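Encoded as C-alpha cells, the structure appears first; notes follow it.
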Amino acid sequence: MTRWTLAALAATFALPACALFSTPNPVKTKPFGVRKDGAPATLWTLRNGNVEATVTDHGATLVSLICPDRLGQGADVLLGFDDVSGYESTGNQYFGCTTGRVCNRIKKGRFTLDGYDYQLAVNNGENHLHGGGPRSLDKVRWHGEATTSDGAPAVLFIYRSADGEEGYPGNLEIKVVYSMPRVGELKIDYTAVTDRTTPVNLTNHAYINLAGEGAPTILDHELQLFASRHTPTDDTLIPTGAIADVARTPLDFRDPTRIGLRLEQLTSTPALGYDHNYVLDRDGKPGLVDAAVLYCPTSGRELRIATTEPAIQFYSGNFLNGQQGKASKSYPLRSGLCLETQHYPDSVNQPRFPSVLLRRGEVFRSTTVLRLSAR
Ligand code: BGC
C-alpha cells in the first residue's frame, strides 16, 4: 500500500493524515544534472509525513513540494524543471530560486551609500531586478549539505558573494536553511553577514499552482492577504514612496477572494495583472506573522504563509509564456503565482521604507514558513 493510499484511507475514516506520518525522514541526495560551467548539481529530498520537498544547490532553489489533496492524492504544487539544464534555460523565470542580493526592483539600478554612488545591472527595462546579471543568487552554485535545524532534518546552503559581485558592496556570506519541522510545514531561514554596509533583501520565488504544476491556471484559487496597504508604483513598477489602502481597489484580498474575480481590471495597467507589494498588517508585532492563505477549491489544498518580513509581493505569473517545465508540461500565462515575502521594492532609495541595509557586525535574519494542508 502506498503512502498516498494510506493518506486517502485516513481521509476516508476522518483520521488526520498527519497522525499516520509524523516522523521526519532523513535527507536523501541524488544528482540533478551538470551545469553549463561543468559543475554537478545535486538534489536533496526532505520529507516529513506525507509532504516532500526537494531543493538544489543551483540557486539554492526550491524545486518541488509534493502534498496530498483532500482525497490524499499527492501532486507537486511548484512549477520547475526536471534537472539543472531547465533552470539554466531561457524558460526559467526565477522558478523557486533564492532571489537577491536584493530581490525585486531598484530604480535605474542606482543607489548611494556612505557617499559612494553604485550602479548595478539594468536588466528589467531601465531598472535592476532580482539581483542583476549572471552572478545573481539564483544563478550561482551554492555549497549544500544535509543538516538539522532544531532537531528537524534540513538542508543548508551557503554562498559567499565577493565584494563588488553584481556591483554590490561588501563580501556577503549568505546561508539559507530549508527544514521540515512539522508535517506539512516547510521553513526557510535566511541569515547573512557582511564586512561593509550593503543592501540585502532575500526571498524565495516559487511559482505555485495548488491543483498541481501543469494545471492550466491559478485564476480559480482563492487568496487572502493579511495586508490593508500596498506600495503604489510608477509605470516601471518602482514605488512612488506612497503607501495606499487596498480598500475599494482590485488589490483588496483582506477577505478570501478568487484571484480571477478582478484581475481583468489590471491587465491594461503596467503590472499586466497582479504584481504588487503588500504591506503586512503587523500592528507592531515582531517575529512571524500570517501573510497569506491560498486555497484551491478543486483539490482542497491550502497553503498558509507566515513570515518575519514586513511585506509580500503577489505576482500572478503575468510573463509565463508556455515554456516547457517538469515532464514536458507547459506553463501558460497565469498557470502559477508567486507570493514573495520581502522588504519593499527600491527600499535603498526610499528613506521612509523599512531599511534593507546590513552593516558590518550585524546579522541579517529572515524566516518564512509554508504550511500545507487539505480540506
Ligand atoms: C516580479 C515581476 C517579474 C517576475 C519575474 C516578480 O517577482 O514582481 O515583475 O516579472 O518576478 O519572474
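Ordering of the C-alpha cells sets the chain letters (A, B, ...), residue numbers begin anew at 1 in every chain, and ligands are numbered from 1 in the order given.
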Residues of stretch 126-150 of chain A at most 10 Å from stretch 50-67 of chain A: nearest atom pair and distance in Å, only C-alpha atoms, as a tab-separated table:
residue	atom	partner	partner_atom	distance
A:Arg135	CA	A:Gly59	CA	9.9
A:Ser136	CA	A:Gly59	CA	8.5
A:Leu137	CA	A:Gly59	CA	5.7
A:Asp138	CA	A:Gly59	CA	3.8
A:Lys139	CA	A:Gly59	CA	5.1
A:Val140	CA	A:Gly59	CA	5.4
A:Arg141	CA	A:His58	CA	4.7
A:Trp142	CA	A:Asp57	CA	5.0
A:His143	CA	A:Asp57	CA	6.5
A:Gly144	CA	A:Asp57	CA	5.7
A:Glu145	CA	A:Asp57	CA	9.1
Note to self: Using only C-alpha atoms and all ligand atoms, which residues of the polymer chains come no farther than 6 Å from ligand 1? I'd like the answer as a ChimeraX atom specification.
What the structure shows: /A:93-94,104,275,315
May I have the residues from that selection written out with all heavy atoms, as a compact mmCIF listing (two decimals), in the first residue's frame?
# COMPACT_ATOMS: atom_id res chain seq x y z
N GLN A 93 12.07 31.58 -15.28
CA GLN A 93 11.81 32.96 -14.81
C GLN A 93 11.90 32.97 -13.28
O GLN A 93 10.92 33.20 -12.60
CB GLN A 93 10.44 33.43 -15.30
CG GLN A 93 10.38 33.50 -16.83
CD GLN A 93 8.98 33.79 -17.37
OE1 GLN A 93 7.99 33.64 -16.68
NE2 GLN A 93 8.92 34.19 -18.62
N TYR A 94 13.07 32.64 -12.78
CA TYR A 94 13.35 32.64 -11.33
C TYR A 94 12.54 31.57 -10.59
O TYR A 94 12.20 31.74 -9.41
CB TYR A 94 13.09 34.03 -10.72
CG TYR A 94 13.92 35.13 -11.33
CD1 TYR A 94 13.45 35.87 -12.40
CD2 TYR A 94 15.19 35.40 -10.86
CE1 TYR A 94 14.21 36.88 -12.99
CE2 TYR A 94 15.97 36.41 -11.43
CZ TYR A 94 15.46 37.14 -12.49
OH TYR A 94 16.23 38.13 -13.06
N ASN A 104 13.39 41.87 -6.23
CA ASN A 104 12.50 42.93 -6.72
C ASN A 104 13.34 44.07 -7.35
O ASN A 104 14.50 43.87 -7.67
CB ASN A 104 11.57 43.43 -5.61
CG ASN A 104 10.18 43.78 -6.14
OD1 ASN A 104 10.06 44.44 -7.16
ND2 ASN A 104 9.16 43.34 -5.45
N ASP A 275 1.00 42.28 -9.58
CA ASP A 275 2.46 42.33 -9.44
C ASP A 275 2.71 43.48 -8.46
O ASP A 275 3.25 44.51 -8.81
CB ASP A 275 3.12 42.58 -10.81
CG ASP A 275 4.59 42.21 -10.80
OD1 ASP A 275 5.12 41.92 -9.70
OD2 ASP A 275 5.22 42.23 -11.88
N TYR A 315 2.52 38.15 -7.27
CA TYR A 315 2.78 38.20 -8.72
C TYR A 315 1.98 37.08 -9.37
O TYR A 315 2.16 35.90 -9.01
CB TYR A 315 4.29 38.05 -8.96
CG TYR A 315 4.68 37.81 -10.40
CD1 TYR A 315 4.34 38.73 -11.39
CD2 TYR A 315 5.36 36.66 -10.78
CE1 TYR A 315 4.69 38.51 -12.71
CE2 TYR A 315 5.72 36.44 -12.10
CZ TYR A 315 5.37 37.36 -13.06
OH TYR A 315 5.70 37.14 -14.38
Note to self: Report as a VMD selection string all protein, DNA and RNA residues lying within 9 Å of stretch 220-231 of chain A, evaluated on only C-alpha atoms, omitting residues in the same chain fewer than 5 positions from it.
What the structure shows: chain A and resid 209 to 211 239 to 247 251 to 261 276 to 282 289 to 298 311 to 312 344 to 345
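Interatomic distance, atom CA of A:Arg301 to atom CA of A:Asn321: 25.1 Å.
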Margin query: Please list as JSON, numbers by chain every residue within 7 Å of A:Ser373, counting only C-alpha atoms and excluding residues in the same chain fewer than 6 positions away.
Written below: {"A": [184, 301, 302, 303]}
Restricting it to N, CA and C atoms, dump the selection as a JSON list (two decimals), in the first residue's frame.
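Saved as part-v2.json:
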[["chain", "number", "residue", "atom", "x", "y", "z"],
["A", 184, "GLY", "N", 3.76, 18.79, 6.89],
["A", 184, "GLY", "CA", 3.12, 19.82, 6.07],
["A", 184, "GLY", "C", 3.78, 21.18, 6.16],
["A", 301, "ARG", "N", -6.45, 21.76, -1.58],
["A", 301, "ARG", "CA", -5.16, 22.10, -0.94],
["A", 301, "ARG", "C", -5.15, 23.54, -0.47],
["A", 302, "GLU", "N", -4.53, 23.74, 0.69],
["A", 302, "GLU", "CA", -4.42, 25.09, 1.23],
["A", 302, "GLU", "C", -2.97, 25.34, 1.61],
["A", 303, "LEU", "N", -2.49, 26.53, 1.31],
["A", 303, "LEU", "CA", -1.14, 26.94, 1.69],
["A", 303, "LEU", "C", -1.25, 28.18, 2.56]]
